[in-house]
Each structure stands twice: as structure tokens, then as C-alpha cells.
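Notes to accompany the following structure.
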Amino acid sequence: MEPAQKERTPFADIDGLPASMSAMVLDALTEMGRHPEIRRVRRVAFEALCPQPGQRLLDAGSGAGEVARQLAGEVARQPAGETQPTGGVVALDHSASITAAAVSRHDGSDVRYVTGDVCAMDLPSDSFDGVWCERVLQHVDSAEGAIAELIRVTRPGGRICLIDTDWSSLAFDGMPSGLGEVVMAHVRGNFTPKQHDMGRTLRRRLVANGLTGITATPVTCLFTSPESAAVVLPMVNPRVPEESWATPPGLRDEWLACVDAAGASGTFLAVLTIWVVAGTVPG
Ligand SMILES: C[S@@+](CC[C@H](N)C(=O)[O-])C[C@H]1O[C@@H](n2cnc3c(N)ncnc32)[C@H](O)[C@@H]1O
């Protein structure tokens, strides 16, 4: 019988990981932020959120703070008719160690880094013009609770932009199809994120909460080498340890050998859809 889905994901409790694993998670977040496909996803999300000079924004689950600092650059420009820039960004993350890493990378922009739980934030209601929440909801106990909190802290007329993965969309080519099926069954049934199809559910969640002007954009990320894929897909990353949740028990080495062979022959291919869904909080 397949083991049950683990209760907590590495990203749900980074501070609870052994030091070597939390360092690996920080490196992974940094590398992901540099990956061209993740940058493409973020360009779509910037268009959907459309940050404006003078706005107050929240990056909920901000990781190493890279996006928060980019958003701060957008809102810091002086709004027309104002003499002082009024915008700024709050970067909130559950993990104290990730927040410390984000602070150590601070570039002087108007970002305030705080630790907190997106499901119960110590932030006033109606205090933000916009919210960014990237690849966080798949890891939380209650996506409904988190979205309710994001709506609470956003002023009427403000915009919420959710970005999340649909792990069920993951597909490979170039590897033996039987082995690929076992890996995919593992992803569908036992992969750690609580909601591996979170991305595709985001639109319905915003509809259910009465948001208006909803846009939903699926961005299908393409990986044509194992090295490129390993940045985003833990199940092809040889640095992710065997005892982790990424690959089916006992099949990791055989699977990674096939991944390597497909890479060497130039036939490796993987695709994964990440959704960008935004909506306006009703007045
Ligand atoms: C996959 S990372 C994404 C980080 C960042 N948004 C990015 O795109 O680089 C998930 C982040 O969500 C944070 N996180 C997980 N559960 C959280 C919660 N309940 N409240 C706030 N942050 C949370 C983790 O600490 C981690 O930094």
C-alpha cells in the first residue's frame, strides 16, 4: 500500500527542518527565482496585479524577499501630484530563518519584513492596495482561511494576485512510460503539497469569495533538460535526498538514471502548469 500523504511539507515548516535541509530550501528558492520559466510566470503576475506608484502591497509567504523588493521598486516611484513617495511593501513569511535570509539580502527599498502565518496575520484590515501570494497556498493547512485573511487585509477595490502550481499537470517525455506512470501516480497520490492541484482551484476560490474582474492565466512551464527541470521539479533533482517525499520509495535511483539518459540523448522533456489568478476585492 502507498504511504499516506505527509502532513507537513518542507515549505510548511522550514524552521523545523535540519539545518542542511533549510539551507537547501533557501538555495532552491533563490535558484527558482532566477529560472527563466519562473520569471515568465512572475511577469504574467506583475501584469495581473499591476502595481502602481504609491501603493501599499503585501507579499504573503515572501520567501527570500526577491519579489517583495521588486514590488517595492514599482510602488516607490512618486505618484502624480504627490511630493513624497508613499508606497511600500510588507514581506510576511512563516519561517524566521527565511525571513532572516530575506533581511540579509535587503537592498534599501521600502520593504518591512515580518514573520507570521498567512492564515492569521497580525495586520490591520483594509490596509493594503494589493497582495501577492506565490506558491504558498499549496502548503498551508487551510487555503480558505488564508484567502479570507488576504481579503480581510486588502482594501475594497484592492487587487489580490495568487500564483500556484498544479502538480497534477506535471508530465514527462523521453523516459520509459511505465516508470513515468509510477512517478506520476506518486505525485498524484502521495506528493507532499497538501493540495497538489491548488493552481487550478484558485479561480473558483476567488469566484466563491465574490471577487470581481477575475483573470486566470495558466502558464505552462517547459523544461528541456534535467538541469533546468531540477530547479523547479524536486523529483528530478539528485540533490533532494532519497528519504524525501519527491520520488516513489525504492525507485529514485532507477528513475534518476532514466532522467540522466534522456538528458544525455537530448530527449528529456517536462511540463508543469503554474496558474496566475487575480481579482478585485468588492467595495
Ligand atoms: C515555495 S516557497 C515560495 C516563496 C516565495 N513566494 C517565492 O515565490 O519565492 C513557500 C513559502 O511560503 C512560506 N509559508 C508556508 N506556510 C506559510 C504560512 N502559513 N504563512 C506564511 N508563509 C508560509 C514558506 O516559509 C516559504 O517561504
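Residue names in the C-alpha cells use chain letters A, B, ... in the order shown, residue numbers from 1 in each chain, and ligand numbers from 1 in the order shown.
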- Task: Write out as a PyMOL selection string the residues lying within 9 Å of stretch 53-61 of chain A, counting only C-alpha atoms and excluding same-chain residues fewer than 3 positions away.
- Result: chain A and resi 65+67-68+71-80+82+84-95+116-118+127-137+150+153-154
Go ahead and dump the residues you just picked, N, CA and C atoms, as a compact mmCIF listing (two decimals), in the first residue's frame.
# COMPACT_ATOMS: atom_id res chain seq x y z
N GLY A 65 12.35 37.10 -0.33
CA GLY A 65 12.01 38.52 -0.44
C GLY A 65 12.31 39.16 -1.79
N VAL A 67 10.73 39.03 -4.73
CA VAL A 67 9.58 39.68 -5.36
C VAL A 67 9.16 40.91 -4.56
N ALA A 68 9.21 40.81 -3.23
CA ALA A 68 8.83 41.97 -2.39
C ALA A 68 9.69 43.18 -2.77
N LEU A 71 8.57 44.52 -6.11
CA LEU A 71 7.31 45.27 -5.94
C LEU A 71 7.59 46.63 -5.31
N ALA A 72 8.52 46.66 -4.35
CA ALA A 72 8.86 47.94 -3.69
C ALA A 72 9.40 48.93 -4.71
N GLY A 73 10.16 48.40 -5.68
CA GLY A 73 10.67 49.29 -6.74
C GLY A 73 9.54 49.91 -7.54
N GLU A 74 8.48 49.13 -7.76
CA GLU A 74 7.33 49.63 -8.55
C GLU A 74 6.53 50.68 -7.77
N VAL A 75 6.31 50.45 -6.49
CA VAL A 75 5.43 51.36 -5.74
C VAL A 75 6.17 52.58 -5.22
N ALA A 76 7.51 52.54 -5.24
CA ALA A 76 8.28 53.65 -4.66
C ALA A 76 8.28 54.87 -5.56
N ARG A 77 8.00 54.67 -6.84
CA ARG A 77 8.01 55.84 -7.73
C ARG A 77 6.94 56.82 -7.25
N GLN A 78 7.24 58.09 -7.40
CA GLN A 78 6.37 59.12 -6.83
C GLN A 78 5.06 59.22 -7.60
N PRO A 79 3.92 59.09 -6.92
CA PRO A 79 2.65 59.22 -7.63
C PRO A 79 2.43 60.64 -8.13
N ALA A 80 1.72 60.80 -9.23
CA ALA A 80 1.44 62.13 -9.78
C ALA A 80 0.77 63.00 -8.71
N GLU A 82 1.91 63.95 -5.90
CA GLU A 82 2.43 63.76 -4.54
C GLU A 82 3.86 64.29 -4.48
N GLN A 84 5.92 63.27 -1.88
CA GLN A 84 6.69 62.20 -1.23
C GLN A 84 6.17 60.85 -1.72
N PRO A 85 7.10 59.90 -1.98
CA PRO A 85 6.61 58.55 -2.27
C PRO A 85 5.91 57.97 -1.04
N THR A 86 4.78 57.32 -1.24
CA THR A 86 4.00 56.82 -0.11
C THR A 86 3.89 55.30 -0.10
N GLY A 87 4.38 54.67 -1.15
CA GLY A 87 4.19 53.23 -1.26
C GLY A 87 5.17 52.45 -0.40
N GLY A 88 4.89 51.18 -0.27
CA GLY A 88 5.80 50.31 0.47
C GLY A 88 5.25 48.89 0.46
N VAL A 89 6.09 47.95 0.88
CA VAL A 89 5.72 46.54 0.82
C VAL A 89 5.98 45.90 2.19
N VAL A 90 5.03 45.08 2.63
CA VAL A 90 5.26 44.20 3.77
C VAL A 90 5.52 42.80 3.21
N ALA A 91 6.65 42.21 3.61
CA ALA A 91 7.01 40.85 3.20
C ALA A 91 6.81 39.95 4.41
N LEU A 92 5.79 39.11 4.34
CA LEU A 92 5.45 38.25 5.50
C LEU A 92 5.76 36.80 5.18
N ASP A 93 6.44 36.12 6.08
CA ASP A 93 6.69 34.69 5.89
C ASP A 93 6.62 33.98 7.24
N HIS A 94 6.22 32.73 7.16
CA HIS A 94 6.06 31.89 8.35
C HIS A 94 7.41 31.57 8.98
N SER A 95 8.44 31.49 8.16
CA SER A 95 9.73 31.00 8.63
C SER A 95 10.63 32.14 9.10
N GLY A 116 5.00 35.65 10.24
CA GLY A 116 3.59 35.49 10.56
C GLY A 116 2.98 34.40 9.72
N ASP A 117 1.78 34.01 10.13
CA ASP A 117 1.04 32.94 9.44
C ASP A 117 -0.01 33.59 8.54
N VAL A 118 0.03 33.26 7.26
CA VAL A 118 -0.91 33.86 6.31
C VAL A 118 -2.36 33.56 6.70
N SER A 127 -5.76 47.31 4.87
CA SER A 127 -4.54 48.11 4.96
C SER A 127 -3.65 48.02 3.72
N PHE A 128 -4.03 47.20 2.73
CA PHE A 128 -3.19 47.07 1.54
C PHE A 128 -4.01 47.35 0.27
N ASP A 129 -3.29 47.91 -0.72
CA ASP A 129 -3.91 48.14 -2.03
C ASP A 129 -3.82 46.88 -2.89
N GLY A 130 -2.89 46.00 -2.56
CA GLY A 130 -2.73 44.79 -3.36
C GLY A 130 -1.93 43.74 -2.60
N VAL A 131 -2.16 42.49 -2.99
CA VAL A 131 -1.50 41.35 -2.33
C VAL A 131 -0.95 40.41 -3.40
N TRP A 132 0.27 39.93 -3.15
CA TRP A 132 0.92 38.90 -3.97
C TRP A 132 1.10 37.68 -3.09
N CYS A 133 0.72 36.50 -3.56
CA CYS A 133 0.88 35.27 -2.76
C CYS A 133 1.30 34.15 -3.71
N GLU A 134 2.61 33.87 -3.72
CA GLU A 134 3.16 32.97 -4.75
C GLU A 134 3.59 31.63 -4.17
N ARG A 135 2.98 30.56 -4.64
CA ARG A 135 3.34 29.18 -4.32
C ARG A 135 3.40 28.94 -2.80
N VAL A 136 2.35 29.43 -2.13
CA VAL A 136 2.23 29.31 -0.68
C VAL A 136 1.00 28.48 -0.31
N LEU A 137 -0.12 28.72 -0.99
CA LEU A 137 -1.39 28.10 -0.57
C LEU A 137 -1.34 26.58 -0.63
N LEU A 150 -6.27 37.17 3.35
CA LEU A 150 -5.74 38.07 2.30
C LEU A 150 -6.82 39.09 1.91
N VAL A 153 -7.25 41.87 4.73
CA VAL A 153 -6.24 42.94 4.85
C VAL A 153 -6.20 43.84 3.61
N THR A 154 -6.96 43.47 2.56
CA THR A 154 -6.95 44.26 1.33
C THR A 154 -8.13 45.22 1.35
- Item | DSSP-assigned alpha helix (DSSP H) members of stretch 36-218 of chain A, reported as a count of residues only | 69
- Can you list, as JSON, numbers by chain, every protein, DNA or RNA residue that comes within 9 Å of A:Cys50 when you count only C-alpha atoms, leaving out same-chain residues fewer than 3 positions away? {"A": [45, 46, 47, 130, 159]}
What does the file look like for those residues with N, CA and C atoms, as a PDB file, in the first residue's frame?
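Below is the file that was written, part11.pdb:
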ATOM      1  N   ALA A  45       2.215  37.611 -13.588  1.00  0.00           N
ATOM      2  CA  ALA A  45       1.613  38.022 -12.311  1.00  0.00           C
ATOM      3  C   ALA A  45       1.763  39.534 -12.088  1.00  0.00           C
ATOM      4  N   PHE A  46       2.892  40.097 -12.486  1.00  0.00           N
ATOM      5  CA  PHE A  46       3.052  41.556 -12.359  1.00  0.00           C
ATOM      6  C   PHE A  46       1.980  42.263 -13.192  1.00  0.00           C
ATOM      7  N   GLU A  47       1.731  41.752 -14.410  1.00  0.00           N
ATOM      8  CA  GLU A  47       0.672  42.360 -15.245  1.00  0.00           C
ATOM      9  C   GLU A  47      -0.685  42.222 -14.583  1.00  0.00           C
ATOM     10  N   GLY A 130      -2.894  45.997  -2.557  1.00  0.00           N
ATOM     11  CA  GLY A 130      -2.726  44.789  -3.356  1.00  0.00           C
ATOM     12  C   GLY A 130      -1.932  43.740  -2.605  1.00  0.00           C
ATOM     13  N   ARG A 159      -6.446  44.707  -5.180  1.00  0.00           N
ATOM     14  CA  ARG A 159      -6.336  43.515  -6.019  1.00  0.00           C
ATOM     15  C   ARG A 159      -5.496  42.441  -5.326  1.00  0.00           C
TER      16      ARG A 159
END
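Here atom CA of A:Ile98 and atom CA of A:Gly63 stand 5.9 Å from one another.
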Need the shell around A:Ala270: protein/DNA/RNA residues with any atom at most 6 Å away, counting only C-alpha atoms. Skip same-chain ones fewer than 5 positions apart. Format as a short mmCIF file (atom, residue, chain, number, x, y, z; two decimals) with C-alpha atoms, in the first residue's frame?
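Output file selection23.cif follows:
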data_model
loop_
_atom_site.label_atom_id
_atom_site.label_comp_id
_atom_site.auth_asym_id
_atom_site.auth_seq_id
_atom_site.Cartn_x
_atom_site.Cartn_y
_atom_site.Cartn_z
CA ALA A 171 4.10 15.42 -17.45
CA PHE A 172 7.33 13.94 -18.77
CA PHE A 223 11.92 22.12 -19.26
#
- Message: With only C-alpha atoms as the counted atoms, please give the residues lying no more than 7 Å from stretch 227-233 of chain A, apart from itself and same-chain residues fewer than 6 positions off, as a VMD selection string.
- Response: chain A and resid 28 31 to 32
- Interatomic distance (Å, one decimal) between atom CA of A:Thr212 and atom CA of A:Pro282: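 Rounded to one decimal, the two atoms are 6.6 Å apart.
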- Message: One number please: atom CA of A:Val207 to atom CA of A:Ile38, in Å, one decimal.
- Response: 25.6 Å
- If you run DSSP over the backbone, which residues in stretch 92-249 of chain A end up strand (DSSP E or B)? Put them as a ChimeraX atom specification. /A:92-93,111-115,117,120,128-134,154-173,212-223
- Message: Residues within 12 Å of A:Arg203, please, as a VMD selection string. Count only C-alpha atoms; anything in the same chain fewer than 4 positions from it doesn't count.
- Response: chain A and resid 147 160 to 164 198 to 199 207 to 218 275 to 279
- Task: Using only C-alpha atoms and all ligand atoms, find the one residue out of A:Asp141, A:Asp173, A:Asp126, A:Glu242 that sits nearest to ligand 1.
- Result: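 Among the listed residues, A:Asp141 lies closest to ligand 1.
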- Message: Give me, as a list of chain:residue names, all polymer residues having an atom no more than 10 Å from A:Ala100, counting only C-alpha atoms and skipping those fewer than 5 positions away in the same chain.
- Response: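 Residues meeting the cut-off are A:Gly63, A:Ala64, A:Ser95, A:Arg105, A:His106, A:Tyr113, A:Val114, A:Thr115.
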- Between A:Leu256, A:Ala102, A:Thr220, A:Val111, smallest distance to A:Asn237 by only C-alpha atoms belongs to A:Leu256
